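For reference, coords-v5.cif is printed below; it contains mmCIF, C-alpha atoms and all ligand atoms.
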```cif
data_protein
loop_
_atom_site.label_atom_id
_atom_site.label_comp_id
_atom_site.auth_asym_id
_atom_site.auth_seq_id
_atom_site.Cartn_x
_atom_site.Cartn_y
_atom_site.Cartn_z
CA MET A 1 0.00 0.00 0.00
CA ARG A 2 1.12 3.50 -0.82
CA GLN A 3 1.20 5.74 2.22
CA SER A 4 0.00 8.64 0.06
CA GLN A 5 -3.29 6.70 -0.29
CA LEU A 6 -3.73 6.16 3.43
CA PHE A 7 -6.19 8.74 4.72
CA THR A 8 -4.99 8.43 8.31
CA LYS A 9 -2.29 10.72 9.64
CA THR A 10 0.01 10.35 12.61
CA GLN A 11 -0.40 12.73 15.53
CA LYS A 12 2.24 14.19 17.80
CA ASN A 13 -0.04 14.06 20.83
CA ALA A 14 -2.75 11.74 22.07
CA PRO A 15 -6.20 13.21 22.77
CA LYS A 16 -6.67 14.86 26.16
CA GLY A 17 -7.98 12.47 28.77
CA GLU A 18 -6.67 9.33 27.07
CA ILE A 19 -4.52 8.02 29.92
CA SER A 20 -3.67 4.52 28.77
CA LEU A 21 -0.45 4.00 26.84
CA ASN A 22 -1.94 1.47 24.40
CA ALA A 23 -4.69 3.86 23.24
CA GLN A 24 -2.30 6.83 23.17
CA LEU A 25 0.11 5.06 20.81
CA LEU A 26 -2.61 3.43 18.71
CA ILE A 27 -4.41 6.77 18.25
CA ARG A 28 -1.20 8.67 17.52
CA GLY A 29 -0.24 6.09 14.89
CA GLY A 30 -3.67 6.19 13.26
CA PHE A 31 -4.50 2.56 14.07
CA ILE A 32 -7.71 3.47 15.89
CA HIS A 33 -10.00 6.47 16.30
CA LYS A 34 -11.66 7.26 19.60
CA GLU A 35 -15.42 7.76 19.29
CA MET A 36 -15.96 8.06 23.06
CA ALA A 37 -14.60 6.43 26.21
CA GLY A 38 -14.46 2.69 25.59
CA VAL A 39 -15.55 2.92 21.95
CA TYR A 40 -13.03 2.96 19.11
CA THR A 41 -13.22 2.76 15.32
CA ILE A 42 -10.60 0.41 13.92
CA LEU A 43 -8.74 2.21 11.11
CA PRO A 44 -7.03 0.52 8.11
CA LEU A 45 -3.68 -0.13 9.83
CA GLY A 46 -5.41 -1.35 13.00
CA LEU A 47 -7.74 -3.59 11.05
CA ARG A 48 -4.79 -5.38 9.45
CA ILE A 49 -3.55 -6.22 12.96
CA ILE A 50 -6.98 -7.30 14.23
CA ASN A 51 -7.33 -9.53 11.14
CA LYS A 52 -3.90 -11.10 11.68
CA ILE A 53 -4.68 -11.89 15.31
CA ALA A 54 -8.11 -13.24 14.28
CA ASP A 55 -6.56 -15.45 11.57
CA ILE A 56 -4.11 -16.99 14.05
CA ILE A 57 -6.99 -17.68 16.45
CA ARG A 58 -9.14 -19.04 13.61
CA SER A 59 -6.47 -21.50 12.49
CA GLU A 60 -5.96 -22.83 16.04
CA MET A 61 -9.72 -23.09 16.68
CA ASN A 62 -10.20 -24.97 13.40
CA GLN A 63 -7.44 -27.38 14.52
CA THR A 64 -9.50 -28.31 17.59
CA GLY A 65 -12.54 -29.08 15.42
CA GLY A 66 -14.16 -25.66 15.78
CA VAL A 67 -16.54 -24.34 13.10
CA GLU A 68 -17.11 -20.64 12.60
CA ILE A 69 -20.45 -18.85 12.62
CA GLN A 70 -21.52 -15.22 12.79
CA SER A 71 -24.05 -14.88 15.57
CA ALA A 72 -26.63 -12.11 15.88
CA ALA A 73 -25.87 -8.98 17.89
CA LEU A 74 -29.54 -8.27 18.66
CA GLN A 75 -30.87 -10.50 21.42
CA LYS A 76 -34.36 -11.68 22.31
CA LYS A 77 -35.45 -11.00 25.89
CA GLU A 78 -37.44 -14.27 26.26
CA THR A 79 -34.37 -16.49 25.71
CA TRP A 80 -32.39 -14.69 28.38
CA GLU A 81 -35.26 -14.66 30.85
CA LYS A 82 -35.12 -18.47 30.93
CA THR A 83 -31.68 -18.41 32.59
CA GLY A 84 -32.33 -15.30 34.68
CA ARG A 85 -29.66 -13.31 32.85
CA TRP A 86 -32.04 -10.72 31.40
CA ASN A 87 -32.29 -9.24 34.89
CA ASP A 88 -30.06 -6.17 35.40
CA ASP A 89 -29.40 -7.25 38.99
CA VAL A 90 -27.83 -10.46 37.63
CA VAL A 91 -26.02 -8.95 34.62
CA ASP A 92 -25.07 -5.35 35.25
CA ASN A 93 -23.55 -4.52 31.88
CA TRP A 94 -26.34 -5.02 29.34
CA PHE A 95 -27.02 -2.45 26.68
CA LYS A 96 -30.74 -2.71 26.01
CA THR A 97 -32.95 -1.15 23.38
CA LYS A 98 -36.51 -1.36 22.03
CA LEU A 99 -38.33 -2.20 18.81
CA LYS A 100 -40.88 0.27 17.36
CA ASN A 101 -43.62 -1.77 19.08
CA ASP A 102 -41.83 -1.31 22.42
CA ALA A 103 -40.61 -4.93 22.66
CA GLU A 104 -37.29 -4.97 24.53
CA LEU A 105 -34.05 -6.21 22.91
CA GLY A 106 -30.50 -6.62 24.16
CA LEU A 107 -27.17 -5.99 22.44
CA ALA A 108 -25.13 -9.18 22.80
CA PHE A 109 -22.52 -9.22 25.55
CA THR A 110 -22.01 -13.01 25.05
CA HIS A 111 -23.93 -15.85 23.36
CA GLU A 112 -24.46 -18.86 25.65
CA GLU A 113 -28.25 -18.47 25.73
CA PRO A 114 -29.01 -17.84 22.04
CA LEU A 115 -26.62 -20.59 20.91
CA ALA A 116 -27.93 -23.17 23.39
CA ASN A 117 -31.42 -22.21 22.22
CA MET A 118 -30.40 -22.49 18.56
CA MET A 119 -28.80 -25.93 19.10
CA LYS A 120 -32.19 -27.35 20.11
CA GLY A 121 -32.95 -27.34 16.41
CA PHE A 122 -29.80 -29.28 15.53
CA VAL A 123 -29.24 -31.70 18.44
CA SER A 124 -31.50 -34.65 19.11
CA SER A 125 -29.30 -37.76 19.37
CA TYR A 126 -25.92 -38.57 20.94
CA LYS A 127 -24.77 -38.93 17.31
CA ASP A 128 -25.14 -35.16 16.86
CA LEU A 129 -22.53 -34.38 19.54
CA PRO A 130 -19.98 -33.01 20.23
CA ILE A 131 -20.29 -29.60 18.50
CA TYR A 132 -17.75 -26.78 18.76
CA VAL A 133 -18.89 -23.44 17.33
CA TYR A 134 -17.05 -20.16 17.47
CA ASP A 135 -17.72 -16.58 16.67
CA ILE A 136 -15.38 -13.69 15.89
CA ARG A 137 -17.28 -10.43 16.30
CA SER A 138 -17.97 -7.30 18.33
CA VAL A 139 -19.82 -7.56 21.62
CA PHE A 140 -21.22 -4.79 23.80
CA ARG A 141 -20.84 -4.25 27.53
CA ASN A 142 -21.81 -1.26 29.60
CA GLU A 143 -18.54 -1.36 31.55
CA VAL A 144 -18.31 0.99 34.53
CA ARG A 145 -14.61 1.63 34.03
CA ALA A 146 -13.10 2.37 30.63
CA LYS A 147 -9.67 3.57 31.63
CA SER A 148 -7.52 0.87 30.05
CA GLY A 149 -7.87 2.14 26.48
CA ILE A 150 -8.65 -0.53 23.94
CA MET A 151 -8.10 -3.20 26.60
CA ARG A 152 -11.51 -2.50 28.18
CA GLY A 153 -13.99 -1.46 25.57
CA ARG A 154 -17.73 -0.89 25.80
CA GLU A 155 -17.79 -2.32 22.30
CA PHE A 156 -14.98 -4.79 21.71
CA PHE A 157 -13.84 -7.51 19.36
CA TRP A 158 -13.52 -11.08 20.57
CA LYS A 159 -13.49 -14.75 19.74
CA ALA A 160 -15.86 -16.93 21.69
CA LEU A 161 -16.16 -20.69 21.25
CA TYR A 162 -19.01 -22.70 22.78
CA SER A 163 -18.65 -26.46 23.20
CA PHE A 164 -21.61 -28.84 23.35
CA SER A 165 -20.60 -32.27 24.65
CA LYS A 166 -22.42 -35.44 25.67
CA ASN A 167 -20.95 -35.59 29.15
CA GLU A 168 -18.27 -34.28 31.45
CA ALA A 169 -15.60 -36.74 30.26
CA GLU A 170 -16.06 -35.70 26.63
CA HIS A 171 -16.09 -32.05 27.73
CA ASN A 172 -12.85 -32.45 29.70
CA GLU A 173 -11.09 -33.89 26.68
CA TYR A 174 -11.98 -30.80 24.65
CA TYR A 175 -11.13 -28.48 27.55
CA GLU A 176 -7.55 -29.81 27.52
CA LYS A 177 -7.35 -29.36 23.74
CA ALA A 178 -8.51 -25.77 24.13
CA LYS A 179 -5.74 -25.13 26.68
CA THR A 180 -3.14 -26.29 24.16
CA ALA A 181 -4.72 -24.24 21.36
CA TYR A 182 -4.66 -21.14 23.58
CA LYS A 183 -1.01 -21.70 24.42
CA ASN A 184 -0.25 -21.94 20.68
CA ILE A 185 -2.17 -18.73 19.99
CA PHE A 186 -0.31 -16.68 22.60
CA ASP A 187 3.02 -18.14 21.45
CA ARG A 188 2.27 -17.28 17.84
CA ILE A 189 1.31 -13.67 18.53
CA GLY A 190 4.45 -13.13 20.58
CA LEU A 191 2.99 -13.12 24.11
CA GLY A 192 3.89 -16.69 25.07
CA LYS A 193 6.71 -15.76 27.42
CA GLU A 194 4.59 -13.41 29.57
CA THR A 195 1.34 -15.40 29.53
CA TYR A 196 0.38 -17.67 32.44
CA LEU A 197 -2.27 -20.37 32.65
CA THR A 198 -4.08 -19.08 35.73
CA PHE A 199 -6.52 -20.71 38.14
CA ALA A 200 -9.59 -18.53 38.58
CA SER A 201 -13.02 -18.91 40.09
CA GLY A 202 -15.19 -21.65 38.62
CA GLY A 203 -18.94 -22.08 38.87
CA SER A 204 -21.45 -24.67 39.94
CA PHE A 205 -19.89 -27.34 37.68
CA SER A 206 -16.21 -26.94 38.34
CA LYS A 207 -14.13 -25.62 41.17
CA TYR A 208 -11.96 -23.50 38.89
CA SER A 209 -11.94 -21.93 35.50
CA HIS A 210 -8.73 -21.05 33.72
CA GLU A 211 -7.65 -17.62 32.65
CA PHE A 212 -4.74 -16.71 30.43
CA GLN A 213 -3.05 -13.80 32.12
CA THR A 214 -0.33 -11.75 30.45
CA VAL A 215 2.02 -10.15 32.95
CA CYS A 216 2.04 -6.39 32.41
CA GLU A 217 2.12 -3.29 34.63
CA ALA A 218 -1.00 -1.95 32.88
CA GLY A 219 -3.02 -5.01 33.93
CA GLU A 220 -6.15 -4.75 36.08
CA ASP A 221 -5.70 -8.19 37.71
CA ILE A 222 -3.31 -9.49 40.37
CA ILE A 223 -1.92 -13.00 39.98
CA TYR A 224 0.54 -15.11 41.97
CA ALA A 225 2.84 -16.66 39.41
CA ASP A 226 5.15 -19.67 39.49
CA GLU A 227 7.73 -18.55 36.94
CA GLU A 228 9.23 -22.02 36.47
CA LYS A 229 6.01 -23.94 36.00
CA LYS A 230 4.43 -21.07 34.06
CA VAL A 231 1.19 -21.35 36.07
CA ALA A 232 -0.47 -18.81 38.33
CA VAL A 233 -3.36 -18.28 40.70
CA ASN A 234 -5.67 -15.27 40.44
CA LYS A 235 -5.84 -13.26 43.66
CA GLU A 236 -9.63 -13.80 43.58
CA VAL A 237 -9.22 -17.49 44.45
CA TYR A 238 -5.86 -17.42 46.22
CA THR A 239 -6.17 -19.74 49.23
CA ASP A 240 -4.08 -22.54 50.74
CA ASP A 241 -6.62 -24.99 49.38
CA VAL A 242 -6.04 -23.82 45.80
CA LEU A 243 -2.29 -23.98 46.17
CA LYS A 244 -2.45 -27.55 47.47
CA ASN A 245 -4.74 -28.63 44.55
CA ILE A 246 -2.08 -27.25 41.82
CA GLY A 247 0.87 -28.47 43.61
CA LEU A 248 2.18 -24.92 43.99
CA SER A 249 4.47 -23.95 46.88
CA LYS A 250 3.68 -20.66 48.22
CA GLU A 251 7.19 -19.50 48.85
CA LYS A 252 7.83 -19.66 45.12
CA LEU A 253 4.95 -17.50 43.96
CA VAL A 254 5.54 -13.94 42.82
CA GLU A 255 2.81 -11.29 42.87
CA LYS A 256 2.33 -9.67 39.49
CA LYS A 257 -0.06 -7.35 37.68
CA ALA A 258 -1.60 -9.03 34.64
CA ILE A 259 -4.08 -8.65 31.79
CA GLU A 260 -6.73 -11.33 31.28
CA VAL A 261 -6.35 -12.03 27.56
CA GLY A 262 -8.53 -15.13 27.50
CA ASN A 263 -10.39 -17.66 29.60
CA ILE A 264 -11.91 -21.12 29.40
CA PHE A 265 -14.87 -22.22 31.45
CA SER A 266 -16.80 -25.42 32.18
CA LEU A 267 -20.50 -24.58 32.17
CA GLY A 268 -21.99 -28.04 32.68
CA HIS A 269 -25.79 -27.91 32.53
CA LYS A 270 -26.04 -24.30 33.70
CA PHE A 271 -27.57 -23.19 30.38
CA SER A 272 -28.75 -26.47 28.82
CA GLU A 273 -31.11 -27.20 31.73
CA PRO A 274 -33.10 -23.93 31.79
CA LEU A 275 -33.12 -23.80 27.97
CA ASP A 276 -33.99 -27.51 27.77
CA LEU A 277 -31.16 -28.50 25.43
CA LYS A 278 -31.23 -32.32 25.53
CA TYR A 279 -30.22 -35.34 23.48
CA LYS A 280 -31.13 -39.04 23.57
CA ASP A 281 -28.25 -41.27 24.69
CA GLU A 282 -27.48 -44.80 23.41
CA LYS A 283 -30.20 -46.22 25.66
CA GLY A 284 -32.78 -43.73 24.44
CA MET A 285 -32.67 -41.75 27.70
CA ASP A 286 -32.86 -37.94 27.73
CA GLN A 287 -29.65 -36.21 28.85
CA PHE A 288 -28.73 -32.54 29.14
CA VAL A 289 -25.90 -31.31 26.92
CA PHE A 290 -22.68 -30.47 28.81
CA MET A 291 -21.42 -27.02 27.76
CA GLY A 292 -18.20 -25.01 27.94
CA CYS A 293 -17.14 -21.55 26.76
CA TYR A 294 -13.79 -20.21 25.64
CA GLY A 295 -13.13 -16.49 25.13
CA ILE A 296 -10.26 -14.40 23.81
CA GLY A 297 -10.28 -10.60 23.74
CA ILE A 298 -8.94 -9.77 20.27
CA SER A 299 -8.96 -5.98 20.62
CA ARG A 300 -7.65 -6.38 24.18
CA LEU A 301 -4.79 -8.44 22.71
CA MET A 302 -3.91 -5.64 20.30
CA GLY A 303 -3.67 -3.28 23.31
CA THR A 304 -1.66 -5.81 25.31
CA ILE A 305 0.86 -6.23 22.48
CA VAL A 306 1.33 -2.45 22.39
CA GLU A 307 1.74 -2.21 26.18
CA LEU A 308 4.54 -4.80 26.02
CA ASN A 309 6.23 -3.80 22.76
CA ASN A 310 7.09 -0.12 22.64
CA ASP A 311 9.86 2.37 23.24
CA GLU A 312 10.07 6.15 23.50
CA LYS A 313 9.59 6.44 19.72
CA GLY A 314 6.53 4.28 19.30
CA ILE A 315 5.29 0.73 18.79
CA VAL A 316 7.46 -2.30 17.90
CA TRP A 317 5.06 -4.87 16.37
CA PRO A 318 5.94 -8.57 16.54
CA GLU A 319 6.29 -9.88 12.98
CA SER A 320 3.33 -12.27 13.19
CA VAL A 321 0.77 -9.50 13.76
CA ALA A 322 2.44 -6.44 12.18
CA PRO A 323 0.22 -4.54 9.73
CA PHE A 324 2.96 -4.82 7.08
CA ARG A 325 6.28 -6.63 7.04
CA VAL A 326 8.26 -3.86 5.33
CA HIS A 327 8.09 -0.08 5.50
CA LEU A 328 9.74 1.21 2.33
CA ILE A 329 10.85 4.81 2.60
CA SER A 330 11.85 6.83 -0.38
CA LEU A 331 13.92 9.95 0.28
CA GLY A 332 13.78 12.43 -2.56
CA LYS A 333 12.50 11.47 -5.99
CA ASN A 334 13.94 8.23 -7.37
CA ASP A 335 12.78 5.45 -9.65
CA GLU A 336 14.49 2.73 -7.61
CA ALA A 337 11.92 2.92 -4.78
CA GLU A 338 9.08 2.37 -7.29
CA LYS A 339 10.91 -0.67 -8.71
CA ILE A 340 11.50 -2.14 -5.24
CA TYR A 341 7.84 -1.58 -4.32
CA ASP A 342 6.67 -3.46 -7.43
CA ASN A 343 9.18 -6.23 -6.96
CA LEU A 344 8.41 -6.87 -3.28
CA GLN A 345 4.68 -6.86 -3.99
CA LYS A 346 5.20 -9.38 -6.81
CA ASN A 347 7.03 -11.53 -4.26
CA ASN A 348 4.07 -11.33 -1.83
CA VAL A 349 5.91 -9.24 0.75
CA GLU A 350 3.41 -7.05 2.63
CA ILE A 351 4.72 -3.56 2.19
CA LEU A 352 3.79 0.00 3.14
CA TYR A 353 5.50 2.43 0.78
CA ASP A 354 6.12 5.94 2.07
CA ASP A 355 5.93 7.75 -1.26
CA ARG A 356 4.80 11.01 0.33
CA ASP A 357 6.45 14.33 -0.35
CA ALA A 358 7.74 14.75 3.21
CA SER A 359 11.06 15.33 4.97
CA ALA A 360 13.39 12.49 6.00
CA GLY A 361 12.87 13.41 9.66
CA GLU A 362 9.09 13.22 9.35
CA LYS A 363 9.23 9.89 7.52
CA PHE A 364 11.60 8.31 10.03
CA ALA A 365 9.57 9.54 13.02
CA ASP A 366 6.39 8.10 11.47
CA ALA A 367 8.12 4.79 10.72
CA ASP A 368 9.23 4.52 14.35
CA LEU A 369 5.76 5.36 15.64
CA LEU A 370 4.05 2.85 13.31
CA GLY A 371 6.50 0.12 14.30
CA ILE A 372 6.59 -2.01 11.13
CA PRO A 373 9.31 -4.67 11.65
CA TRP A 374 11.60 -3.93 8.65
CA ARG A 375 12.50 -0.44 7.43
CA VAL A 376 13.99 -0.17 3.93
CA VAL A 377 15.31 3.26 2.94
CA VAL A 378 16.12 4.26 -0.63
CA SER A 379 18.14 7.46 -0.78
CA GLU A 380 20.87 9.02 -2.87
CA LYS A 381 23.32 7.90 -0.19
CA SER A 382 22.16 4.26 -0.20
CA LEU A 383 22.12 4.19 -4.02
CA ALA A 384 25.69 5.48 -4.07
CA SER A 385 26.67 2.54 -1.84
CA GLY A 386 24.99 0.16 -4.27
CA GLY A 387 21.70 -0.67 -2.57
CA VAL A 388 19.21 0.19 0.15
CA GLU A 389 19.56 0.71 3.89
CA VAL A 390 17.78 -2.02 5.86
CA LYS A 391 17.03 -1.67 9.57
CA LYS A 392 14.87 -3.65 11.94
CA ARG A 393 12.53 -1.59 14.13
CA SER A 394 13.80 -3.52 17.15
CA GLU A 395 17.45 -2.74 16.42
CA GLU A 396 19.49 0.43 16.52
CA LYS A 397 21.73 0.04 13.50
CA GLY A 398 20.93 -0.60 9.87
CA GLU A 399 23.07 -1.95 7.03
CA ILE A 400 23.40 -1.48 3.27
CA VAL A 401 21.93 -4.41 1.36
CA LYS A 402 22.33 -4.91 -2.41
CA PHE A 403 19.09 -4.87 -4.45
CA GLU A 404 19.38 -8.52 -5.43
CA GLU A 405 19.87 -9.58 -1.78
CA LEU A 406 16.93 -7.59 -0.36
CA ILE A 407 14.21 -10.25 -0.57
CA GLY A 408 16.43 -12.89 1.00
CA LYS A 409 17.29 -10.47 3.80
CA ILE A 410 13.77 -9.52 4.85
CA ARG A 411 12.13 -12.93 4.39
P1 LIG B 1 -12.80 -8.97 32.78
O1 LIG B 1 -12.64 -9.68 34.08
O2 LIG B 1 -11.54 -8.37 32.26
O3 LIG B 1 -13.96 -8.01 32.78
P2 LIG B 1 -14.50 -11.02 31.82
O4 LIG B 1 -14.35 -11.99 32.91
O5 LIG B 1 -15.72 -10.16 31.79
O6 LIG B 1 -13.18 -10.11 31.73
P3 LIG B 1 -15.31 -12.74 29.64
O7 LIG B 1 -16.69 -12.29 29.72
O8 LIG B 1 -15.08 -14.15 29.99
O9 LIG B 1 -14.32 -11.80 30.45
O10 LIG B 1 -14.73 -12.46 28.19
C1 LIG B 1 -13.71 -13.24 27.57
C2 LIG B 1 -12.51 -12.39 27.21
O11 LIG B 1 -12.91 -11.19 26.55
C3 LIG B 1 -11.72 -11.90 28.41
O12 LIG B 1 -10.81 -12.88 28.83
C4 LIG B 1 -11.03 -10.67 27.86
O13 LIG B 1 -9.84 -11.03 27.18
C5 LIG B 1 -12.03 -10.13 26.87
N1 LIG B 1 -12.79 -9.00 27.42
C6 LIG B 1 -13.73 -9.03 28.42
N2 LIG B 1 -14.24 -7.82 28.65
C7 LIG B 1 -13.61 -6.98 27.75
C8 LIG B 1 -13.72 -5.58 27.48
N3 LIG B 1 -14.58 -4.81 28.14
N4 LIG B 1 -12.93 -5.06 26.51
C9 LIG B 1 -12.07 -5.84 25.81
N5 LIG B 1 -11.93 -7.16 26.02
C10 LIG B 1 -12.69 -7.73 26.99
MG MG B 2 -15.95 -8.21 32.47
#
```
Conversion result in structure tokens:
Amino acid sequence: MRQSQLFTKTQKNAPKGEISLNAQLLIRGGFIHKEMAGVYTILPLGLRIINKIADIIRSEMNQTGGVEIQSAALQKKETWEKTGRWNDDVVDNWFKTKLKNDAELGLAFTHEEPLANMMKGFVSSYKDLPIYVYDIRSVFRNEVRAKSGIMRGREFFWKALYSFSKNEAEHNEYYEKAKTAYKNIFDRIGLGKETYLTFASGGSFSKYSHEFQTVCEAGEDIIYADEEKKVAVNKEVYTDDVLKNIGLSKEKLVEKKAIEVGNIFSLGHKFSEPLDLKYKDEKGMDQFVFMGCYGIGISRLMGTIVELNNDEKGIVWPESVAPFRVHLISLGKNDEAEKIYDNLQKNNVEILYDDRDASAGEKFADADLLGIPWRVVVSEKSLASGGVEVKKRSEEKGEIVKFEELIGKIR
């Protein structure tokens, strides 16, 4: 993409009142636009990152047997009344609205109820199970606090998978698969080292749920982490009993601030019973479907990556989620930059080409703020040395690389 075609512009300063570092940098770089507290428009550069994260998640969910759907955002009151979750005293973050005839509707904050209700039309026999469906979309929550930038949105982008199993044993098998898939996801997007499998509060069907907590000063949660075993306990459930159950020794645990980037939860019959989601087993007996849910905050992940990968000049994107692989910068008018742009595109290298009529200082400052992993500069000086100057965003020094060696270098 040519930068001259990008309508977004970088900004020297973040908007007043935006206190979180992730939103400050993302707004300054033109990745997102703030509509109001907790509500952001994802701009072209930001959308490329969201899509990369979503594609990594999609590939790992498909590996576990997941199938993708696009669920409805508008929710029917009657379905939610069956589980008691329409009530504002039970769920305090609904956004609700009305039809012209005054019938109440909700804006989806999650989808256990509508999907369990929908599955009644598809599940009748044990032969129909298990089913693993997932959804990558925006959900809406009337959050009280929205001070963590894009990490706590009132409208945010997530992946949620819902599992429908015959019984607890079949559910547990999938639950373990999901843990592995989540580990792969956080490894692939570059957060593996800081992310802990964390014991958190469960529900009526299991003592614990599991969160994936990424250690970061900007986090809203406190965890006690075993750095060797790479497991942690959320402060919410931190008792001697819990420690004994995960074979953790207290002396070894370190208190850390962390961001909940995902969680997995055994739901049992909590939703299938009130919504009457049943199947006939091998003996022809009615059984309730055993459910689980598995969330990942995609927009929260984008914020988390920024919180952990930045310096005084801007963002430093990990290669797997960067909006482009190469930022080509042309200084002064020259035909070589155009040729390199065409050639890299032909070779399927994702490239942002700064073809604007701007000063070297402005171009370099923007490149640092945007944080694309490889910077390639074409200037009179580089041409005189027989090539282009190549520098990684994460490194201080660049080097001259000959034209014919460029693709090999940045691949
Ligand atoms: P939190 O404790 O942070 O409010 P939660 O327990 O409400 O999270 P879930 O409802 O289970 O989280 O949602 C699944 C995932 O969605 C979370 O692990 C988190 O990564 C993400 N998420 C939850 N709320 C938000 C939000 N307001 N903005 C962005 N991402 C969110
Ligand atoms: Mg919440």
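Here CA of Ile69 in chain A stands at a distance of 14.5 Å from CA of Val139 in chain A.
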Within 7 Å of range 103-116 of chain A, counting all atoms listed in the file, which residues show up once you throw out same-chain ones fewer than 2 positions away? Write them as a list of chain:residue names, please.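 Residues meeting the cut-off are A:Ala73, A:Leu74, A:Gln75, A:Lys76, A:Lys77, A:Thr79, A:Trp80, A:Trp94, A:Phe95, A:Lys96, A:Thr97, A:Lys98, A:Leu99, A:Asn101, A:Met118, A:Met119, A:Lys120, A:Val139, A:Phe140, A:Arg141, A:Phe271, A:Ser272, A:Leu275, A:Leu277.
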Near ligand MG 2 (chain B), 10 Å: chain A residue rows, closest pairs, all atoms listed in the file, as a Markdown table:
```
| residue | atom | partner | partner_atom | distance |
| --- | --- | --- | --- | --- |
| A:Asp92 | CA | B:MG2 | MG | 10.0 |
| A:Asn93 | CA | B:MG2 | MG | 8.5 |
| A:Phe109 | CA | B:MG2 | MG | 9.6 |
| A:Arg141 | CA | B:MG2 | MG | 8.0 |
| A:Asn142 | CA | B:MG2 | MG | 9.5 |
| A:Glu143 | CA | B:MG2 | MG | 7.4 |
| A:Val144 | CA | B:MG2 | MG | 9.7 |
| A:Arg152 | CA | B:MG2 | MG | 8.4 |
| A:Gly153 | CA | B:MG2 | MG | 9.8 |
| A:Glu260 | CA | B:MG2 | MG | 9.8 |
```
To one decimal place in Å, what is the distance between CA of Asn117 in chain A and CA of Ala181 in chain A?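 These atoms are spaced 26.8 Å apart.
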Surroundings of ligand LIG 1 (chain B) up to 10 Å, based on only C-alpha atoms and all ligand atoms, as a ChimeraX atom specification: /A:38-39,93,109-110,138-146,148-160,200,210-213,219-221,259-265,293-304
Can you spit out the residues from that selection as an mmCIF file, in the coordinates of the input, using C-alpha atoms?
```
data_model
loop_
_atom_site.group_PDB
_atom_site.id
_atom_site.type_symbol
_atom_site.label_atom_id
_atom_site.label_comp_id
_atom_site.auth_asym_id
_atom_site.auth_seq_id
_atom_site.Cartn_x
_atom_site.Cartn_y
_atom_site.Cartn_z
ATOM 1 C CA GLY A 38 -14.460 2.690 25.590
ATOM 2 C CA VAL A 39 -15.550 2.920 21.950
ATOM 3 C CA ASN A 93 -23.550 -4.520 31.880
ATOM 4 C CA PHE A 109 -22.520 -9.220 25.550
ATOM 5 C CA THR A 110 -22.010 -13.010 25.050
ATOM 6 C CA SER A 138 -17.970 -7.300 18.330
ATOM 7 C CA VAL A 139 -19.820 -7.560 21.620
ATOM 8 C CA PHE A 140 -21.220 -4.790 23.800
ATOM 9 C CA ARG A 141 -20.840 -4.250 27.530
ATOM 10 C CA ASN A 142 -21.810 -1.260 29.600
ATOM 11 C CA GLU A 143 -18.540 -1.360 31.550
ATOM 12 C CA VAL A 144 -18.310 0.990 34.530
ATOM 13 C CA ARG A 145 -14.610 1.630 34.030
ATOM 14 C CA ALA A 146 -13.100 2.370 30.630
ATOM 15 C CA SER A 148 -7.520 0.870 30.050
ATOM 16 C CA GLY A 149 -7.870 2.140 26.480
ATOM 17 C CA ILE A 150 -8.650 -0.530 23.940
ATOM 18 C CA MET A 151 -8.100 -3.200 26.600
ATOM 19 C CA ARG A 152 -11.510 -2.500 28.180
ATOM 20 C CA GLY A 153 -13.990 -1.460 25.570
ATOM 21 C CA ARG A 154 -17.730 -0.890 25.800
ATOM 22 C CA GLU A 155 -17.790 -2.320 22.300
ATOM 23 C CA PHE A 156 -14.980 -4.790 21.710
ATOM 24 C CA PHE A 157 -13.840 -7.510 19.360
ATOM 25 C CA TRP A 158 -13.520 -11.080 20.570
ATOM 26 C CA LYS A 159 -13.490 -14.750 19.740
ATOM 27 C CA ALA A 160 -15.860 -16.930 21.690
ATOM 28 C CA ALA A 200 -9.590 -18.530 38.580
ATOM 29 C CA HIS A 210 -8.730 -21.050 33.720
ATOM 30 C CA GLU A 211 -7.650 -17.620 32.650
ATOM 31 C CA PHE A 212 -4.740 -16.710 30.430
ATOM 32 C CA GLN A 213 -3.050 -13.800 32.120
ATOM 33 C CA GLY A 219 -3.020 -5.010 33.930
ATOM 34 C CA GLU A 220 -6.150 -4.750 36.080
ATOM 35 C CA ASP A 221 -5.700 -8.190 37.710
ATOM 36 C CA ILE A 259 -4.080 -8.650 31.790
ATOM 37 C CA GLU A 260 -6.730 -11.330 31.280
ATOM 38 C CA VAL A 261 -6.350 -12.030 27.560
ATOM 39 C CA GLY A 262 -8.530 -15.130 27.500
ATOM 40 C CA ASN A 263 -10.390 -17.660 29.600
ATOM 41 C CA ILE A 264 -11.910 -21.120 29.400
ATOM 42 C CA PHE A 265 -14.870 -22.220 31.450
ATOM 43 C CA CYS A 293 -17.140 -21.550 26.760
ATOM 44 C CA TYR A 294 -13.790 -20.210 25.640
ATOM 45 C CA GLY A 295 -13.130 -16.490 25.130
ATOM 46 C CA ILE A 296 -10.260 -14.400 23.810
ATOM 47 C CA GLY A 297 -10.280 -10.600 23.740
ATOM 48 C CA ILE A 298 -8.940 -9.770 20.270
ATOM 49 C CA SER A 299 -8.960 -5.980 20.620
ATOM 50 C CA ARG A 300 -7.650 -6.380 24.180
ATOM 51 C CA LEU A 301 -4.790 -8.440 22.710
ATOM 52 C CA MET A 302 -3.910 -5.640 20.300
ATOM 53 C CA GLY A 303 -3.670 -3.280 23.310
ATOM 54 C CA THR A 304 -1.660 -5.810 25.310
#
```
Using all atoms listed in the file, find each residue in range 97-215 of chain A having at least one atom no more than 8 Å away from range 227-245 of chain A; report its shortest atom-to-atom pair and that distance in Å (one decimal), rows by chain then rising number, as a tab-separated table.
```
residue	atom	partner	partner_atom	distance
A:Thr195	CA	A:Lys230	CA	7.9
A:Tyr196	CA	A:Val231	CA	5.2
A:Leu197	CA	A:Val231	CA	5.0
A:Thr198	CA	A:Ala232	CA	4.5
A:Phe199	CA	A:Val233	CA	4.7
A:Ala200	CA	A:Asn234	CA	5.4
A:Ser201	CA	A:Val237	CA	6.0
```
